[in-house]
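Data block below; observations after.
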Amino acid sequence: MKDVFSKSAVFGLRDAIEYAEGGIVSKQVLKNDAGNVTLFAFDSGQGLSEHSAPFDALVQVIDGEVEIRLGGRPLYLKTGDAVIMPAGIPHSLRAATRFKMMLTMIKG
């Protein structure tokens, strides 16, 4: 797989991914045996239905606002906020405004 992002090169997270009208865009930053890092851009009102992951995940909001439901509890995040979602806990999200996030998933 060809790397989308060059290693040892500086890039801006917010500008590294664009919004799509009425949609969700994802772009993989890194992937290896230890886990992966992915950028996402969600148009307002878009989201992901409830699901769980087999390992911990760190969500960092880099633009906009999102409601994340984690184990049934609503969390409201805005630009600059982050949350660690524990492995095996059901979660979902809905874009309160257009928003971008970086998702870091670590296996282990």
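Residue names in the structure tokens use chain letters A, B, ... in the order shown, residue numbers from 1 in each chain, and ligand numbers from 1 in the order shown.
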
Hey, what's within 8 Å of A:His91 if we count only C-alpha atoms and toss same-chain stuff fewer than 4 positions away? As a PyMOL selection string, please?
chain A and resi 49-52+68-72+85

Contacts of A:Ile62 at 6 Å or less, counting only C-alpha atoms, minus same-chain residues fewer than 4 places along, as a PyMOL selection string?
chain A and resi 79-80+100-101

Keeping only N, CA, C and O atoms, write the selected residues as a PDB file, in the first residue's frame.
ATOM      1  N   THR A  79     -13.840  21.436  18.390  1.00  0.00           N
ATOM      2  CA  THR A  79     -12.458  21.579  17.949  1.00  0.00           C
ATOM      3  C   THR A  79     -11.511  21.627  19.146  1.00  0.00           C
ATOM      4  O   THR A  79     -11.722  22.391  20.081  1.00  0.00           O
ATOM      5  N   GLY A  80     -10.506  20.751  19.113  1.00  0.00           N
ATOM      6  CA  GLY A  80      -9.507  20.700  20.169  1.00  0.00           C
ATOM      7  C   GLY A  80      -9.789  19.659  21.242  1.00  0.00           C
ATOM      8  O   GLY A  80      -8.907  19.337  22.027  1.00  0.00           O
ATOM      9  N   LYS A 100     -14.323  17.468  11.465  1.00  0.00           N
ATOM     10  CA  LYS A 100     -13.202  16.607  11.073  1.00  0.00           C
ATOM     11  C   LYS A 100     -12.594  16.030  12.335  1.00  0.00           C
ATOM     12  O   LYS A 100     -12.539  16.687  13.364  1.00  0.00           O
ATOM     13  N   MET A 101     -12.142  14.777  12.219  1.00  0.00           N
ATOM     14  CA  MET A 101     -11.501  14.140  13.358  1.00  0.00           C
ATOM     15  C   MET A 101     -10.347  13.280  12.894  1.00  0.00           C
ATOM     16  O   MET A 101     -10.301  12.851  11.745  1.00  0.00           O
TER      17      MET A 101
END

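Nearest residue to A:Ser26, choosing from A:Leu39, A:Ile89, A:Val61, A:Leu103 and counting only C-alpha atoms: A:Leu39.
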
Contact residues around A:Thr97 with only C-alpha atoms at 12 Å, ignoring same-chain residues under 2 positions, as a ChimeraX atom specification
/A:19,22,41-47,61,63-67,76-79,93-95,99-100

Can you tell me how far atom CA of A:Val83 sits from atom CA of A:Asp56, in Å to one decimal?
10.5 Å

Report the distance between atom CA of A:Val25 and atom CA of A:Ala53 in Å, rounded to one decimal place.
19.6 Å

Option closest in space to A:Lys107, from A:Ala34, A:Val59, A:Ala82, A:Ala16 [counting only C-alpha atoms]:
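With only C-alpha atoms as the atom set, the closest residue is A:Ala34.
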
Please report the interatomic distance between atom CA of A:Ala57 and atom CA of A:Ser92 in Å with one decimal.
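Those two atoms sit 12.7 Å apart.
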
Those of chain A in DSSP strand (DSSP E), formatted as a ChimeraX atom specification:
/A:24-32,35-42,47-51,57-63,65-70,73-78,82-85,91-95,99-106

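When only C-alpha atoms are used to measure the gap to A:Gly108, the shortest distance among A:Leu75, A:Gln28, A:Asp33, A:Phe5 belongs to A:Asp33.
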